[in-house]
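What follows is a single structure, written as structure tokens, with notes after it.
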Amino acid sequence: MTAVDPRLELLRPDPAAREAAARLGVSSATQLLAVDPATLDPELRDLATRASLLMQRLAELSERRAVSPQALATPIEDVVEDRRARRLLQRLGVGSIAEYLATSNQTLLAQRGLGARTLETCERSIRRALDRRAPTLLEDLLPDISLDRLPLADEVRSALQERALHRLHDAAQASLDTLSPSLRDTIRSALQRVWSSSDPGERRPAKADVEQPALRRLVRSALARLSRPAAVQVLRRLLGFECRPRRVRAIAAELKIEPDEVLALAAEAIEELRTELAAELSLLCSDLDRELAAAGGVLDAHHVDRGSRLGRTLAGHPGDFVLRLLAALDPDRLSFDGQRLIELSRPRLIAVNRALGRVLQQLGPRPLAHRAERRLARAVDGDLPEALFSHLLERHHGRSLRFRAHGAPRIVELPPRPADRLQRILEDVGRPLHLDDLQFHYRDRHRHASRRRIHQTLRGDRRFVETAPCCFELRATLLDEIETARPFAEHFRDLVVQRGVRTSVFEPFGAGDQAPSSRTAHLAIDRLRQDRAVRYLGRGDFVPGQGRRGSPVVEELVEDLRRAMGELPFARFLQNQPPRRRALVARLLRENRRFVFPTRDRVDLLDNYPFGQERLRQLIRETDMQLEDHNGHASIEVLAEAVDRAGLGGVFLTHHLLLDLLRRHGDFEILPGPVVARADLGLGAWIQRTARDVLRSSGAPLSAAQVLAHSPELAEFESSLEPMLDLDPLVHTPDGLHYQLT
């Protein structure tokens with residue numbers, strides 16, 4: 001892959017250097033570096049040093065991706081989201097990606113406030129920006145197209161060569177007033193015709209012109225025409241078409257056939273489906289190839305160009321159905337792996353993973369990334385793109401690439417998840433453990449243990465089963481016992497649906513019945529929580545699930561708000577409720593997903609806002625994508641701008657309303673500031689824990705600014721630190737300004 005030859009203007013030379021470059025007749029970095037350094041003017045020496053560094057960095061980047069001039073000219077403020085880092089880079093005079101790459105690490109680290117961790121974050125942001133702006137799109141390549149490659153008339157070509165115009169962009173921007181009027185008009189019309197015929201906006205019809213029947217309807221009609229009904233059932237379950245996707249063994253058990261027969265039926269159905277959808281697939285393949293090339297062979301649905309046909313198709317089909325379908329229809333080139341589409345067939349993926357495992361075992365715990373890549377290339381007879389290499393490391397080998405401010409990246413072990421640590425504790429102990437005992441073992445092994453987070457992990461992960469109040473075991477050791485409790489769970493489910501009222505699993509069902517044992521009841525609860533026929537209320541109580549009327553209190557509140565025909569003051573609405581149920585109403589209004597707070601003190605129905613299920617899923621998906629690009633957390637201002645760009649916002653979507661929607665419908669942590677973070681990060685607990693360590697080590701009351709001075713890693717959470725210290729029960733402030741541990 002050939003690296004780009006950047007123009008010197010990207011480095012913003014001063015007037016003296018620009019004049020000296022013009023005297024030498026050089027306009028690009030390669031031309032400048034070709035000049036003998038001994039003959040360079042003093043004005044050009046610093047520019048030549050920066051150009052040399054830029055070309056070295058581009059040579060490293062071009063090993064795995066293409067780099068376009070337009071991507072190098074991207075302003076640094078559009079790439080780096082950290083305000084503090086942006087401000088420090090602008091203070092250094094770094095205004096674009098090209099200028100960042102042309103600045104040495106010593107110069108960057110010499111700037112006060114720019115540490116290795118901040119530069120590592122900037123490097124990741126720039127790499128992602130260059131990946132997304134890789135010159136696979138035609139609009140990135142148009143300005144640098146040589147005029148020799150265009151179908152121009154001889155008179156037009158000779159006239160442009162006389163004026164030393166060699167690129168399409170230069171010719172389109174040049175002044176042709178010195179030519180004769182007829183030749184000038186001929187040149188301009190020829191250039192305009194070439195430019196417009198190559199313009200992606202002209203080549204790609206508008207969305208309204210390409211609207212075709214949804215892929216879901218096309219697949220449904222194609223499946224109806226397939227020859228064997230059994231093959232249709234297999235394919236629907238395998239691809240997750242209008243149902244939950246299942247593995248081959250699960251499909252075989254559900255349909256009571258052999259796994260080999262499942263694979264045979266799936267292959268037969270896919271072959272017929274490929275013929276039925278040939279026209280639609282031909283339109284998606286060009287977009288798919290372009291996106292795979294830009295993403296380095298790993299395609300995530302969140303990062304697809306939303307203006308393309310493929311992006312619109314993915315947006316209109318929730319879940320991973322489209323990516324699974326594309327992988328199934330081209331198995332010799334693609335496979336679906338870990339919620340992503342990768343440019344490796346399944347047999348080659350297995351072979352590459354085995355070779356990568358052997359390479360990592362030979363190189364040790366923290367090998368250099370380029371050494372592992374070289375050995376892997378020799379083992380599998382070919383290079384892998386960096387994005388695909390990183391995906392395989394994280395997905396199959398529990399490792400990741402660690403980029404440093406200087407030096408080559410290393411391969412490091414990913415920290416184990418809390419669920420993995422808890423599973424290892426239960427396996428080592430070999431018996432059921434109470435929550436308090438699990439917390440003790442967790443703290444003993446890993447120093448810190450949050451009871452709330454451990455409890456959430458045990459309740460949310462299917463590897464664990466609660467067999468007694470706050471007592472947990474591994475599911476793998478209880479499969480036979482869980483199956484024994486199945487008849488009781490099904491009988492209780494039918495009884496709840498028949499009665500239609502709230503029923504407890506711990507109480508006798510009738511006059512002659514006996515209450516089940518605590519262990520049987522808890523195993524039944526574990527099974528019934530996955531059953532949609534009933535809904536779990538906590539403490540062993542169940543009510544009928546879908547298809548039944550909801551809570552009468554909720555329905556009454558909904559009816560009251562509908563009669564009001566708009567938002568109401570929360571305090572006044574709560575005051576008008578009967579005193580005995582005000583606490584319940586307040587909790588329902590704050591937590592139930594049918595309500596929403598457009599402002600801090602007003603409540604309204606979610607139905608009064610344009611947020612249906614599909615639009616809410618798009619909002620959560622857009623927020624997840626933004627948090628992934630911002631290291632797992634972002635301010636509400638950044639998220640609001642991204643939501644507006646995605647077409648999901650409006651004047652009605654205030655910051656408070658957006659925060660309330662994310663809190664109720666997503667798995668996010670809302671911090672003061674306000675800052676939105678992924679819940680699995682435990683960011684709030686980390687901020688409080690870090691601040692406590694600073695206060696503990698100081699031994700004296702400190703202000704929020706002094707805590708930041710002692711712990712620079714908290715600088716990006718400056719707006720959240722003081723409110724979180726006020727909320728911390730282990731911290732108090734004697735004078736309202738300084739904080740100390742209780």
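Labels for the structure tokens follow display order: chains A, B, ..., residues from 1 in each chain, ligands from 1.
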Note to self: Please extract the residues of stretch 489-634 of chain A with a backbone DSSP assignment of strand (DSSP E or B) and present them as an MDAnalysis selection string.
What the structure shows: chainID A and resid 503:504 534:538 541:544 568:569 595:599 602:605 633:634
Next item on the list: Extract, using only C-alpha atoms, all DNA, RNA and protein residues at most 10 Å from A:Phe595, discarding same-chain residues fewer than 2 positions from it, and format them as an NGL selection string.
Entry: :A and (554 or 557-558 or 561 or 588-593 or 597-598 or 603-608 or 660-661 or 664)
Any chance you can output those residues with C-alpha atoms as a JSON list (two decimals), in the first residue's frame?
[["chain", "number", "residue", "atom", "x", "y", "z"],
["A", 554, "VAL", "CA", -49.64, 2.60, 36.69],
["A", 557, "LEU", "CA", -51.37, 7.40, 36.53],
["A", 558, "VAL", "CA", -51.20, 7.04, 32.75],
["A", 561, "LEU", "CA", -51.49, 12.26, 32.57],
["A", 588, "LEU", "CA", -43.19, 4.74, 39.67],
["A", 589, "LEU", "CA", -42.89, 8.18, 38.09],
["A", 590, "ARG", "CA", -39.11, 8.16, 38.55],
["A", 591, "GLU", "CA", -38.44, 4.57, 37.46],
["A", 592, "ASN", "CA", -41.25, 3.26, 35.22],
["A", 593, "ARG", "CA", -40.42, 3.46, 31.51],
["A", 597, "PHE", "CA", -39.07, 13.91, 33.10],
["A", 598, "PRO", "CA", -38.62, 16.58, 30.35],
["A", 603, "VAL", "CA", -43.37, 14.74, 34.50],
["A", 604, "ASP", "CA", -44.96, 13.54, 31.27],
["A", 605, "LEU", "CA", -45.85, 10.41, 29.32],
["A", 606, "LEU", "CA", -43.25, 8.93, 26.97],
["A", 607, "ASP", "CA", -46.04, 8.47, 24.39],
["A", 608, "ASN", "CA", -46.13, 12.26, 23.96],
["A", 660, "ASP", "CA", -33.73, 10.63, 31.71],
["A", 661, "LEU", "CA", -34.23, 8.49, 28.59],
["A", 664, "ARG", "CA", -34.51, 4.54, 32.16]]
Next item on the list: Kindly indicate which residue among A:Asp154, A:Asp601, A:Glu254, A:Asp289 lies nearest to A:Gln233, using only C-alpha atoms for the distances.
Entry: A:Glu254
Item checked: Which residue of A:Ser27, A:Thr457, A:Thr313, A:Thr118 approaches A:Gln423 most closely, using only C-alpha atoms ->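 So, comparing all the options, the nearest one is A:Thr457.
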